[in-house]
Structures are given as structure tokens and as C-alpha cells.
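Student: So here's start26.txt (compact mmCIF, C-alpha atoms).
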# COMPACT_ATOMS: atom_id res chain seq x y z
CA MET A 1 -14.00 13.56 3.23
CA THR A 2 -12.07 11.85 0.47
CA GLN A 3 -11.04 13.87 -2.56
CA PRO A 4 -11.87 13.55 -6.28
CA LEU A 5 -9.94 10.88 -8.12
CA PRO A 6 -7.79 11.45 -11.19
CA PRO A 7 -9.64 11.32 -14.55
CA HIS A 8 -8.97 7.64 -15.32
CA ALA A 9 -10.70 6.58 -12.10
CA SER A 10 -14.07 7.71 -13.40
CA GLY A 11 -14.02 4.89 -15.90
CA GLY A 12 -10.91 5.14 -18.07
CA PRO A 13 -8.14 2.55 -18.17
CA ALA A 14 -6.05 2.03 -15.04
CA PRO A 15 -2.41 3.13 -15.37
CA THR A 16 -0.15 0.17 -16.11
CA TRP A 17 3.60 -0.46 -15.88
CA ALA A 18 5.43 -3.30 -17.63
CA VAL A 19 8.09 -5.04 -15.54
CA GLY A 20 9.56 -7.52 -17.99
CA ASP A 21 6.63 -9.77 -18.82
CA LEU A 22 4.66 -8.66 -15.74
CA LEU A 23 1.95 -6.02 -15.95
CA VAL A 24 1.24 -3.90 -12.89
CA HIS A 25 -2.04 -1.95 -12.73
CA ARG A 26 -2.85 0.79 -10.20
CA ILE A 27 -6.41 0.34 -8.93
CA ASP A 28 -7.59 3.59 -7.36
CA GLU A 29 -9.86 3.76 -4.37
CA ALA A 30 -9.73 7.38 -3.19
CA ALA A 31 -7.50 10.42 -2.94
CA LEU A 32 -6.91 11.18 0.74
CA PRO A 33 -7.95 14.56 2.16
CA PRO A 34 -5.45 17.42 2.61
CA GLN A 35 -5.34 17.05 6.40
CA THR A 36 -3.90 13.55 6.03
CA GLY A 37 -0.37 14.80 5.40
CA PRO A 38 0.08 16.95 8.54
CA TRP A 39 -1.43 14.17 10.66
CA LEU A 40 0.46 11.25 9.11
CA LEU A 41 3.86 12.90 8.55
CA PRO A 42 3.97 15.85 10.99
CA ALA A 43 7.64 16.64 10.26
CA ALA A 44 6.84 17.19 6.58
CA THR A 45 6.21 20.89 7.12
CA PRO A 46 5.60 23.32 4.25
CA GLY A 47 9.20 24.49 4.68
CA THR A 48 10.51 20.96 4.35
CA VAL A 49 8.37 20.31 1.30
CA GLY A 50 9.46 23.62 -0.21
CA GLY A 51 13.07 22.46 0.01
CA ALA A 52 12.33 19.81 -2.62
CA PRO A 53 10.92 21.61 -5.67
CA TRP A 54 10.67 18.29 -7.52
CA LEU A 55 7.73 17.33 -5.27
CA ARG A 56 5.52 19.88 -7.07
CA PRO A 57 3.10 19.64 -8.75
CA HIS A 58 2.48 15.90 -8.60
CA PHE A 59 3.28 15.04 -4.99
CA ALA A 60 2.55 18.35 -3.22
CA GLY A 61 0.60 21.53 -3.78
CA PRO A 62 2.02 25.06 -4.04
CA THR A 63 1.61 25.69 -0.29
CA GLY A 64 3.29 22.44 0.69
CA VAL A 65 0.18 20.29 1.20
CA LEU A 66 1.05 16.65 0.54
CA HIS A 67 -0.97 14.65 -1.98
CA LEU A 68 -1.70 11.06 -0.87
CA SER A 69 -3.78 8.26 -2.32
CA SER A 70 -5.40 4.96 -1.36
CA HIS A 71 -4.99 2.34 -4.08
CA SER A 72 -3.98 -1.25 -4.76
CA PHE A 73 -1.65 -2.79 -7.30
CA ALA A 74 -3.01 -5.64 -9.42
CA VAL A 75 -0.34 -7.77 -11.08
CA GLU A 76 -0.49 -10.31 -13.89
CA ALA A 77 2.44 -12.62 -13.08
CA ASN A 78 3.14 -15.94 -14.78
CA GLY A 79 -0.51 -16.87 -15.07
CA LEU A 80 -1.40 -15.63 -11.57
CA ARG A 81 -3.63 -12.67 -10.78
CA VAL A 82 -2.20 -10.97 -7.72
CA LEU A 83 -3.54 -8.06 -5.68
CA ILE A 84 -1.18 -6.12 -3.39
CA ASP A 85 -3.10 -4.55 -0.49
CA THR A 86 -6.83 -3.92 -0.56
CA GLY A 87 -7.39 -0.34 0.58
CA ILE A 88 -10.05 0.93 2.97
CA GLY A 89 -13.19 -0.85 1.76
CA ASN A 90 -16.82 0.13 1.39
CA GLY A 91 -19.35 0.41 4.18
CA LYS A 92 -16.87 -0.10 7.02
CA THR A 93 -17.33 1.54 10.43
CA ARG A 94 -14.13 3.52 10.94
CA ALA A 95 -12.86 6.04 13.49
CA ASN A 96 -11.22 8.11 10.75
CA PRO A 97 -14.03 10.18 9.17
CA ALA A 98 -12.31 10.07 5.77
CA TRP A 99 -12.52 6.25 5.80
CA HIS A 100 -15.94 5.84 7.46
CA HIS A 101 -18.64 4.12 5.35
CA LEU A 102 -16.98 4.74 2.00
CA ASP A 103 -18.94 4.08 -1.17
CA THR A 104 -16.45 3.88 -4.03
CA ALA A 105 -16.34 2.08 -7.37
CA TYR A 106 -13.16 0.20 -6.43
CA LEU A 107 -14.47 -3.22 -7.46
CA ARG A 108 -15.71 -1.83 -10.76
CA ARG A 109 -12.27 -0.37 -11.43
CA LEU A 110 -10.60 -3.64 -10.47
CA THR A 111 -12.88 -5.59 -12.79
CA GLY A 112 -12.33 -3.04 -15.56
CA ALA A 113 -8.59 -3.67 -15.30
CA GLY A 114 -9.25 -7.36 -15.97
CA PHE A 115 -9.37 -8.59 -12.37
CA PRO A 116 -12.93 -9.54 -11.42
CA PRO A 117 -12.90 -10.59 -7.76
CA GLU A 118 -13.43 -14.29 -8.42
CA SER A 119 -10.40 -14.34 -10.75
CA VAL A 120 -7.87 -13.16 -8.15
CA ASP A 121 -5.49 -15.95 -7.11
CA LEU A 122 -3.36 -14.23 -4.48
CA VAL A 123 -3.82 -11.25 -2.14
CA ILE A 124 -0.63 -9.94 -0.51
CA LEU A 125 -1.11 -7.78 2.59
CA THR A 126 2.01 -5.71 3.26
CA HIS A 127 0.76 -5.17 6.82
CA LEU A 128 -2.46 -5.27 8.81
CA HIS A 129 -3.47 -1.62 9.00
CA THR A 130 -7.00 -0.45 8.29
CA ASP A 131 -6.25 1.22 4.96
CA HIS A 132 -4.52 -1.88 3.56
CA VAL A 133 -7.02 -4.63 4.37
CA GLY A 134 -10.48 -3.12 3.83
CA TRP A 135 -11.43 -4.81 0.57
CA ASN A 136 -10.44 -8.18 1.99
CA THR A 137 -14.16 -8.49 2.63
CA ARG A 138 -17.49 -7.21 1.34
CA ASP A 139 -20.92 -6.98 2.87
CA ASP A 140 -23.21 -9.87 1.96
CA GLY A 141 -26.59 -9.34 3.59
CA GLY A 142 -25.08 -8.02 6.80
CA THR A 143 -22.22 -10.51 6.94
CA TRP A 144 -18.63 -9.72 6.00
CA VAL A 145 -17.42 -12.35 3.53
CA PRO A 146 -14.13 -12.65 1.57
CA THR A 147 -14.21 -10.45 -1.52
CA PHE A 148 -11.79 -12.77 -3.31
CA PRO A 149 -13.18 -16.23 -2.54
CA ASN A 150 -10.73 -18.13 -4.76
CA ALA A 151 -7.60 -16.37 -3.50
CA ARG A 152 -5.05 -17.16 -0.84
CA TYR A 153 -4.44 -14.13 1.38
CA LEU A 154 -0.83 -13.74 2.56
CA THR A 155 0.77 -11.70 5.31
CA SER A 156 3.94 -12.14 7.32
CA ARG A 157 3.84 -14.37 10.38
CA ALA A 158 5.59 -11.66 12.42
CA GLU A 159 2.79 -9.24 11.52
CA TRP A 160 0.03 -11.65 12.52
CA ASP A 161 1.77 -12.73 15.72
CA HIS A 162 2.22 -9.12 16.84
CA TRP A 163 -1.42 -8.17 16.50
CA ALA A 164 -2.65 -11.52 17.83
CA GLY A 165 -0.67 -10.85 21.01
CA THR A 166 -1.73 -7.21 21.40
CA ASP A 167 -4.60 -5.81 23.46
CA LEU A 168 -6.32 -4.01 20.59
CA ASP A 169 -8.23 -0.77 20.96
CA GLY A 170 -11.84 -0.60 19.82
CA PRO A 171 -11.32 0.68 16.26
CA ARG A 172 -8.64 -1.91 15.56
CA ARG A 173 -10.77 -4.72 17.01
CA GLN A 174 -13.53 -3.59 14.65
CA MET A 175 -11.15 -3.70 11.68
CA PHE A 176 -9.99 -7.21 12.52
CA ARG A 177 -13.61 -8.36 12.99
CA ASP A 178 -14.82 -7.07 9.64
CA SER A 179 -11.73 -7.31 7.41
CA VAL A 180 -9.27 -9.90 8.74
CA HIS A 181 -11.01 -12.55 10.83
CA PRO A 182 -13.57 -13.45 8.12
CA VAL A 183 -10.66 -14.33 5.81
CA ARG A 184 -8.99 -16.41 8.52
CA ASP A 185 -12.27 -18.10 9.44
CA ALA A 186 -12.81 -19.04 5.78
CA GLY A 187 -9.43 -20.81 5.80
CA LEU A 188 -7.94 -18.43 3.21
CA LEU A 189 -5.19 -16.78 5.29
CA ASP A 190 -1.57 -17.96 4.98
CA LEU A 191 1.21 -16.72 7.27
CA ILE A 192 4.66 -16.43 5.70
CA ASP A 193 8.00 -16.45 7.47
CA VAL A 194 10.06 -13.64 5.90
CA PRO A 195 13.81 -13.93 6.59
CA ASP A 196 16.27 -11.09 6.02
CA ALA A 197 16.86 -12.29 2.45
CA GLY A 198 13.12 -12.18 1.69
CA ALA A 199 10.63 -14.91 0.83
CA GLU A 200 9.48 -15.88 -2.65
CA VAL A 201 5.72 -16.45 -2.59
CA ALA A 202 5.19 -17.00 -6.32
CA PRO A 203 7.45 -17.00 -9.39
CA GLY A 204 8.82 -13.47 -9.71
CA ILE A 205 7.22 -12.22 -6.46
CA ARG A 206 9.21 -11.87 -3.27
CA LEU A 207 8.37 -10.36 0.12
CA LEU A 208 11.10 -8.11 1.56
CA PRO A 209 11.17 -7.41 5.31
CA THR A 210 10.74 -3.68 6.04
CA PRO A 211 9.78 -3.61 9.73
CA GLY A 212 9.22 -0.48 11.76
CA HIS A 213 5.93 0.96 10.62
CA THR A 214 4.56 -2.32 11.95
CA PRO A 215 6.63 -5.21 13.32
CA GLY A 216 6.08 -7.49 10.33
CA GLN A 217 5.56 -5.10 7.44
CA VAL A 218 6.92 -6.16 4.05
CA ALA A 219 7.60 -4.54 0.71
CA VAL A 220 6.91 -6.58 -2.43
CA GLU A 221 9.54 -7.16 -5.10
CA LEU A 222 8.45 -8.03 -8.64
CA ARG A 223 10.95 -9.53 -11.12
CA SER A 224 10.67 -10.60 -14.73
CA GLY A 225 12.91 -10.59 -17.79
CA GLY A 226 15.77 -8.86 -16.04
CA ARG A 227 13.54 -6.00 -14.81
CA SER A 228 12.41 -5.28 -11.25
CA ALA A 229 9.94 -3.18 -9.28
CA VAL A 230 9.29 -2.76 -5.56
CA VAL A 231 5.92 -1.90 -4.01
CA THR A 232 6.68 0.12 -0.89
CA GLY A 233 3.89 -0.74 1.51
CA ASP A 234 4.18 1.90 4.22
CA CYS A 235 7.96 1.72 4.40
CA VAL A 236 7.69 4.93 2.34
CA HIS A 237 4.39 6.76 2.66
CA HIS A 238 5.22 9.71 0.43
CA PRO A 239 8.09 10.90 -1.82
CA VAL A 240 8.96 13.62 0.73
CA GLN A 241 10.55 10.73 2.66
CA LEU A 242 13.09 10.36 -0.16
CA HIS A 243 14.00 14.01 0.31
CA GLN A 244 14.29 13.42 4.07
CA PRO A 245 14.24 9.71 4.97
CA ASP A 246 14.22 10.54 8.69
CA ILE A 247 10.64 11.84 8.42
CA THR A 248 8.53 9.29 10.29
CA SER A 249 4.84 8.55 10.55
CA CYS A 250 2.74 9.31 13.62
CA VAL A 251 1.56 5.68 13.53
CA ASP A 252 4.96 4.00 13.19
CA PHE A 253 5.29 1.19 15.73
CA ASP A 254 9.06 1.76 15.98
CA ALA A 255 10.07 5.01 14.29
CA ALA A 256 13.82 4.38 14.50
CA GLN A 257 13.47 0.95 12.93
CA ALA A 258 11.10 2.36 10.28
CA THR A 259 13.78 4.91 9.36
CA ARG A 260 16.45 2.22 9.10
CA SER A 261 14.22 0.09 6.86
CA ARG A 262 13.46 3.07 4.63
CA ARG A 263 17.10 4.12 4.34
CA ASP A 264 18.16 0.55 3.57
CA LEU A 265 15.52 0.20 0.85
CA LEU A 266 16.29 3.56 -0.77
CA ALA A 267 20.04 2.94 -0.67
CA ALA A 268 19.54 -0.40 -2.39
CA LEU A 269 17.42 1.15 -5.16
CA ALA A 270 19.29 4.41 -5.76
CA GLY A 271 20.88 4.65 -9.17
CA THR A 272 19.30 1.42 -10.39
CA GLU A 273 16.55 0.81 -12.94
CA VAL A 274 14.30 -0.73 -10.27
CA LEU A 275 10.87 0.90 -10.38
CA LEU A 276 9.55 2.14 -7.03
CA LEU A 277 5.75 1.89 -6.77
CA GLY A 278 4.37 3.87 -3.83
CA SER A 279 1.44 2.37 -1.96
CA HIS A 280 0.19 5.89 -1.13
CA PHE A 281 1.97 7.92 -3.83
CA PRO A 282 -0.49 9.97 -5.90
CA PRO A 283 -0.21 9.94 -9.70
CA PRO A 284 2.25 9.37 -11.31
CA THR A 285 2.80 6.91 -8.39
CA ALA A 286 5.99 5.28 -9.71
CA GLY A 287 9.56 6.33 -10.36
CA LEU A 288 13.27 5.70 -10.13
CA VAL A 289 15.24 6.52 -6.98
CA VAL A 290 18.02 9.03 -7.69
CA SER A 291 20.71 10.04 -5.19
CA GLU A 292 20.68 13.73 -4.28
CA GLY A 293 23.42 14.60 -1.80
CA ASP A 294 22.97 12.41 1.26
CA ASN A 295 19.33 11.78 0.37
CA TYR A 296 17.21 11.03 -2.70
CA ARG A 297 14.57 12.19 -5.12
CA LEU A 298 12.04 10.34 -7.25
CA GLU A 299 12.28 10.55 -11.04
CA PRO A 300 8.64 9.90 -12.06
CA VAL A 301 7.79 7.09 -14.47
CA PRO A 302 4.11 7.51 -15.39
CA GLY A 303 2.09 4.45 -16.25
CA THR A 304 0.49 3.92 -19.62
CA ALA A 305 -3.26 3.79 -20.09
Would you mind giving the structure from this file in C-alpha cells?

Tutor:
Amino acid sequence: MTQPLPPHASGGPAPTWAVGDLLVHRIDEAALPPQTGPWLLPAATPGTVGGAPWLRPHFAGPTGVLHLSSHSFAVEANGLRVLIDTGIGNGKTRANPAWHHLDTAYLRRLTGAGFPPESVDLVILTHLHTDHVGWNTRDDGGTWVPTFPNARYLTSRAEWDHWAGTDLDGPRRQMFRDSVHPVRDAGLLDLIDVPDAGAEVAPGIRLLPTPGHTPGQVAVELRSGGRSAVVTGDCVHHPVQLHQPDITSCVDFDAAQATRSRRDLLAALAGTEVLLLGSHFPPPTAGLVVSEGDNYRLEPVPGTA
């Protein structure tokens, strides 16, 4: 089962960060259950977590249980309304019991933050995993239709090509049928080539290649007025991976490459004023990367209501 959300998710304002003239809103879907951490990041043992006291209380509990969240980031950028990843979705048939047939107020929260679905111009999918594409579509009388009918949906061409050429298992075929193919069939899906230097997809928004978790995964860089932020995607699942960047996910496609991507990203951000926004980080969700010996820690930067 999913866990209770933080207080704002029951109807209060979504946390917001200013990045120059851009505003970034966290749109909560659900807190993930305690068993998610040991499954997703098996090397993040209680002893490992205990070696980083800064993880408590926000990012881990007193016994070392990791806190993880499913949410999106909604961005107001130069007149565009942009959504980064779309969570798990409501009413979807899923193998993971914590994701199966959810019934959350995600769309109400998104609308409350000033992003009614019809107003969204651009949906960026960091990668095509189940918990990042679910709200691509909604149920309309038994048919899955695009939730954001006026938006272009973007993902990297390498990501699409990988899955298009893979013999998918049943749960993944189901996810593509209900959350990806309806967007493609509606003519709303754009595939972006992402070179090593990144690809600008809108003024102030650039995709950064961070392969490993999936072959074509990207992080998303936001720039405005001399300020910057980076949305992690699943290059970094949890702040414990700053403490030990070699901690990998059980679902990484190429764990060694995922580690290289993570180390490269963290090294580039360490000691800068670039805000790191974690795609699964629980509140306070954002922070600055600070060097700590050979590794790093996150200095939290809470959003404002």
C-alpha cells in the first residue's frame, strides 16, 4: 500500500522553487511504502544509512528505512507549462501491489498548482518506466486517452528505440498499452536525439544524457536568470546515493553505466549553486550537492508554499 502524503498534499499549496524567473512546483502522487527501499536499493542497508546522519529525519527513518516518493515537477518556463514525468497513474493494472489501481487526487493537485491538464504544453518523460509515465493517460469510458491533449510528449530516441526493439514481459507490455501507445497513436509523441552535450527542447530547458538505469534516460536541466536546477530522473533515486554513489538499483539496465552517470552528474554539481530536484526524493525533495570526502551529501533547500 502507498503511504500518507505530507500535509500540503491534502489540499494545501504545492511546494515551489524559484530558478531565476522559472517556477518549479512539486506535484505529489503518493509516498512509497517502506519495503520499496530494500527492494529498489538493496545495498542501502541500515548500516549504510546510519553512516550518513544527515539522511535523518527527512530522507530516512531512525532504523534506516528509506523514505521515497512518487511525484512530478510542473514548471512555468517562458510562457510554457511543462510537466516532468507523470507518476504511476490512477486505475492502472500493475504487477507492483503498491501501484495497482491507485486512486489519488494527483490531477486535483496539479490543477490546484495552476496546471489544469488542458493547459499543459509539454510533457518530458525522463525514461519509460511504469512509475514515470502513468498519468500520460486517463480512463475515458474504458479507453485510455492522453491526459494532456494539447501537449507534446517528449522522450529520448534512444529510450524509445530500446524498448521498441525489446521482447517485453507482460507487465511492461501492459504499461506500454495503457500509458505510452495511446500517446503515440494520438500523434503527440516526439523522439529527441540527445547528444553528450545535451539537447535544448524549449528556452531554458535542456535534456542531459544520464544512461544506465535505462539506455536512454535523461535528466532535465532548467536555466533562467543565471540560476540552474537539475531534475534527476532515476539517475539518483535517493540521497543515500550521494553518500555512496556506487549504490545501484535492482532495476538498472546497466548498473556500471548508471554509476558512471550518477558520479558524473554529482561531480558536476558539487560545490555549485545548482539545485538538485530528486524525482523520488521525499520532502524537502531539493538541495545543493556538497562534497564530503570522496562522496557527497545533500544540503536541503525546502520549497515555499

Student: Just checking: using all atoms listed in the file, which residue out of A:Leu128, A:Val301, A:Ala255, A:Val82 ends up closest to Leu222 in chain A?

Tutor: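 Among A:Leu128, A:Val301, A:Ala255, A:Val82, it is A:Val82 that comes nearest to Leu222 in chain A.
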
Student: Extract, using all atoms listed in the file, all DNA, RNA and protein residues at most 10 Å from Ile192 in chain A, discarding same-chain residues fewer than 3 positions from it, and format them as a list of chain:residue names.

Tutor: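 Here the answer would be A:Leu154, A:Thr155, A:Ser156, A:Arg157, A:Ala158, A:Glu159, A:Trp160, A:Leu189, A:Pro195, A:Ala199, A:Glu200, A:Val201, A:Leu207.
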
Student: Please, what distance in Å, to one decimal, runs between CA of Ser291 in chain A and CA of Gly271 in chain A?

Tutor: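 That distance, rounded to one decimal, is 6.7 Å.
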
Student: Name the residues in contact with Ala202 in chain A at a cut-off of 9 Å, using only C-alpha atoms, excluding same-chain residues fewer than 6 positions from it; report them as a list of chain:residue names.

Tutor: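 These residues fall inside the cut-off: A:Ala77, A:Asn78, A:Leu80.
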
Student: Would you pick out the contacts of range 227-238 of chain A at 6 Å or less, using all atoms listed in the file, so that residues sharing its chain but fewer than 6 positions from it are not included, and give the list as a ChimeraX atom specification?

Tutor: /A:19-20,126,219-221,262,274-281

Student: Identify which of the residues A:Gly64, A:Gly287, A:Pro13, A:Gly87 lies closest to Pro300 in chain A, counting all atoms listed in the file when measuring atom-to-atom distances.

Tutor: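 Counting all atoms listed in the file, the residue closest to Pro300 in chain A is A:Gly287.
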
Student: To one decimal in Å, tell me the separation between CA of Ile88 in chain A and CA of His162 in chain A.

Tutor: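 According to the coordinates, CA of Ile88 in chain A and CA of His162 in chain A are separated by 21.1 Å.
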
Student: Tell me which protein, DNA and RNA residues are within 12 Å of His71 in chain A, counting all atoms listed in the file, leaving out same-chain ones fewer than 5 positions away, and put them as a PyMOL selection string.

Tutor: chain A and resi 5-6+9+14-15+25-32+83-89+104-107+109-110+131-135+231+233+277-283+285

Student: Store the residues picked out above in a file with C-alpha atoms, as an mmCIF file, keeping the file's coordinate frame.

Tutor:
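Writing the result to result_6.cif gives the following:
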data_model
loop_
_atom_site.group_PDB
_atom_site.id
_atom_site.type_symbol
_atom_site.label_atom_id
_atom_site.label_comp_id
_atom_site.auth_asym_id
_atom_site.auth_seq_id
_atom_site.Cartn_x
_atom_site.Cartn_y
_atom_site.Cartn_z
ATOM 1 C CA LEU A 5 -9.940 10.880 -8.120
ATOM 2 C CA PRO A 6 -7.790 11.450 -11.190
ATOM 3 C CA ALA A 9 -10.700 6.580 -12.100
ATOM 4 C CA ALA A 14 -6.050 2.030 -15.040
ATOM 5 C CA PRO A 15 -2.410 3.130 -15.370
ATOM 6 C CA HIS A 25 -2.040 -1.950 -12.730
ATOM 7 C CA ARG A 26 -2.850 0.790 -10.200
ATOM 8 C CA ILE A 27 -6.410 0.340 -8.930
ATOM 9 C CA ASP A 28 -7.590 3.590 -7.360
ATOM 10 C CA GLU A 29 -9.860 3.760 -4.370
ATOM 11 C CA ALA A 30 -9.730 7.380 -3.190
ATOM 12 C CA ALA A 31 -7.500 10.420 -2.940
ATOM 13 C CA LEU A 32 -6.910 11.180 0.740
ATOM 14 C CA LEU A 83 -3.540 -8.060 -5.680
ATOM 15 C CA ILE A 84 -1.180 -6.120 -3.390
ATOM 16 C CA ASP A 85 -3.100 -4.550 -0.490
ATOM 17 C CA THR A 86 -6.830 -3.920 -0.560
ATOM 18 C CA GLY A 87 -7.390 -0.340 0.580
ATOM 19 C CA ILE A 88 -10.050 0.930 2.970
ATOM 20 C CA GLY A 89 -13.190 -0.850 1.760
ATOM 21 C CA THR A 104 -16.450 3.880 -4.030
ATOM 22 C CA ALA A 105 -16.340 2.080 -7.370
ATOM 23 C CA TYR A 106 -13.160 0.200 -6.430
ATOM 24 C CA LEU A 107 -14.470 -3.220 -7.460
ATOM 25 C CA ARG A 109 -12.270 -0.370 -11.430
ATOM 26 C CA LEU A 110 -10.600 -3.640 -10.470
ATOM 27 C CA ASP A 131 -6.250 1.220 4.960
ATOM 28 C CA HIS A 132 -4.520 -1.880 3.560
ATOM 29 C CA VAL A 133 -7.020 -4.630 4.370
ATOM 30 C CA GLY A 134 -10.480 -3.120 3.830
ATOM 31 C CA TRP A 135 -11.430 -4.810 0.570
ATOM 32 C CA VAL A 231 5.920 -1.900 -4.010
ATOM 33 C CA GLY A 233 3.890 -0.740 1.510
ATOM 34 C CA LEU A 277 5.750 1.890 -6.770
ATOM 35 C CA GLY A 278 4.370 3.870 -3.830
ATOM 36 C CA SER A 279 1.440 2.370 -1.960
ATOM 37 C CA HIS A 280 0.190 5.890 -1.130
ATOM 38 C CA PHE A 281 1.970 7.920 -3.830
ATOM 39 C CA PRO A 282 -0.490 9.970 -5.900
ATOM 40 C CA PRO A 283 -0.210 9.940 -9.700
ATOM 41 C CA THR A 285 2.800 6.910 -8.390
#

Student: Rounded to one decimal in Å, what is the spacing between CA of His213 in chain A and CA of Asp161 in chain A?

Tutor: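 So the answer is 15.2 Å.
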
Student: Just want the 8 Å neighbourhood of range 45-49 of chain A, counted on all atoms listed in the file, with same-chain residues fewer than 5 positions away dropped. Output as a short mmCIF file (atom, residue, chain, number, x, y, z; two decimals) with C-alpha atoms, keeping the file's coordinate frame.

Tutor:
data_model
loop_
_atom_site.label_atom_id
_atom_site.label_comp_id
_atom_site.auth_asym_id
_atom_site.auth_seq_id
_atom_site.Cartn_x
_atom_site.Cartn_y
_atom_site.Cartn_z
CA PRO A 38 0.08 16.95 8.54
CA LEU A 55 7.73 17.33 -5.27
CA ALA A 60 2.55 18.35 -3.22
CA THR A 63 1.61 25.69 -0.29
CA GLY A 64 3.29 22.44 0.69
CA VAL A 65 0.18 20.29 1.20
CA VAL A 240 8.96 13.62 0.73
#

Student: Which polymer residues, whether protein, DNA or RNA, lie within 10 Å of the coordinate (-0.1, 12.1, 11.6) when you count all atoms listed in the file? List them as an NGL selection string, using the chain letters and numbers from the file.

Tutor: :A and (35-44 or 248-252)

Student: For each of A:Val289, A:Ala18, A:Ala95, A:Leu298, take the minimum atom-to-atom distance to Pro171 in chain A, counting all atoms listed in the file, then give the residue where this is smallest.

Tutor: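 Closest to Pro171 in chain A, using all atoms listed in the file: A:Ala95.
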
Student: Using all atoms listed in the file, which of the listed residues (A:Thr93, A:Ala286, A:Ser119, A:Ile247) sits closest to Thr259 in chain A?

Tutor: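 Closest candidate: A:Ile247.
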
Student: Kindly provide, as a ChimeraX atom specification, the polymer residues lying within 10 Å of (14.9, 1.2, 8.1), counting all atoms listed in the file and using the coordinates exactly as they appear in the file.

Tutor: /A:209-213,235-236,245-246,254-266

Student: Supply range 85-103 of chain A as a JSON list (two decimals), in the frame of the given file, with N, CA and C atoms built in where the input has gaps.

Tutor:
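Result file is result_6.json:
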[["chain", "number", "residue", "atom", "x", "y", "z"],
["A", 85, "ASP", "N", -2.32, -5.39, -1.40],
["A", 85, "ASP", "CA", -3.10, -4.55, -0.49],
["A", 85, "ASP", "C", -4.50, -4.28, -1.06],
["A", 86, "THR", "N", -5.43, -4.01, -0.14],
["A", 86, "THR", "CA", -6.83, -3.92, -0.56],
["A", 86, "THR", "C", -7.54, -2.66, -0.08],
["A", 87, "GLY", "N", -6.78, -1.63, 0.32],
["A", 87, "GLY", "CA", -7.39, -0.34, 0.58],
["A", 87, "GLY", "C", -8.27, -0.31, 1.83],
["A", 88, "ILE", "N", -9.23, 0.60, 1.80],
["A", 88, "ILE", "CA", -10.05, 0.93, 2.97],
["A", 88, "ILE", "C", -11.34, 0.12, 3.00],
["A", 89, "GLY", "N", -11.95, -0.08, 1.84],
["A", 89, "GLY", "CA", -13.19, -0.85, 1.76],
["A", 89, "GLY", "C", -14.43, 0.00, 1.84],
["A", 90, "ASN", "N", -15.53, -0.55, 1.36],
["A", 90, "ASN", "CA", -16.82, 0.13, 1.39],
["A", 90, "ASN", "C", -17.63, -0.27, 2.63],
["A", 91, "GLY", "N", -18.37, 0.70, 3.14],
["A", 91, "GLY", "CA", -19.35, 0.41, 4.18],
["A", 91, "GLY", "C", -18.78, 0.01, 5.51],
["A", 92, "LYS", "N", -17.51, 0.31, 5.77],
["A", 92, "LYS", "CA", -16.87, -0.10, 7.02],
["A", 92, "LYS", "C", -17.02, 1.01, 8.08],
["A", 93, "THR", "N", -17.27, 0.61, 9.32],
["A", 93, "THR", "CA", -17.33, 1.54, 10.43],
["A", 93, "THR", "C", -15.91, 1.87, 10.86],
["A", 94, "ARG", "N", -15.51, 3.13, 10.70],
["A", 94, "ARG", "CA", -14.13, 3.52, 10.94],
["A", 94, "ARG", "C", -14.07, 4.79, 11.79],
["A", 95, "ALA", "N", -13.04, 4.87, 12.65],
["A", 95, "ALA", "CA", -12.86, 6.04, 13.49],
["A", 95, "ALA", "C", -12.43, 7.25, 12.68],
["A", 96, "ASN", "N", -11.67, 7.02, 11.62],
["A", 96, "ASN", "CA", -11.22, 8.11, 10.75],
["A", 96, "ASN", "C", -12.38, 8.53, 9.85],
["A", 97, "PRO", "N", -12.86, 9.78, 9.96],
["A", 97, "PRO", "CA", -14.03, 10.18, 9.17],
["A", 97, "PRO", "C", -13.82, 10.03, 7.67],
["A", 98, "ALA", "N", -12.58, 10.18, 7.20],
["A", 98, "ALA", "CA", -12.31, 10.07, 5.77],
["A", 98, "ALA", "C", -12.45, 8.63, 5.28],
["A", 99, "TRP", "N", -12.44, 7.66, 6.17],
["A", 99, "TRP", "CA", -12.52, 6.25, 5.80],
["A", 99, "TRP", "C", -13.87, 5.63, 6.18],
["A", 100, "HIS", "N", -14.71, 6.38, 6.88],
["A", 100, "HIS", "CA", -15.94, 5.84, 7.46],
["A", 100, "HIS", "C", -17.02, 5.66, 6.38],
["A", 101, "HIS", "N", -17.53, 4.44, 6.26],
["A", 101, "HIS", "CA", -18.64, 4.12, 5.35],
["A", 101, "HIS", "C", -18.40, 4.66, 3.94],
["A", 102, "LEU", "N", -17.25, 4.35, 3.39],
["A", 102, "LEU", "CA", -16.98, 4.74, 2.00],
["A", 102, "LEU", "C", -17.95, 4.04, 1.05],
["A", 103, "ASP", "N", -18.13, 4.67, -0.10],
["A", 103, "ASP", "CA", -18.94, 4.08, -1.17],
["A", 103, "ASP", "C", -18.24, 4.41, -2.48]]
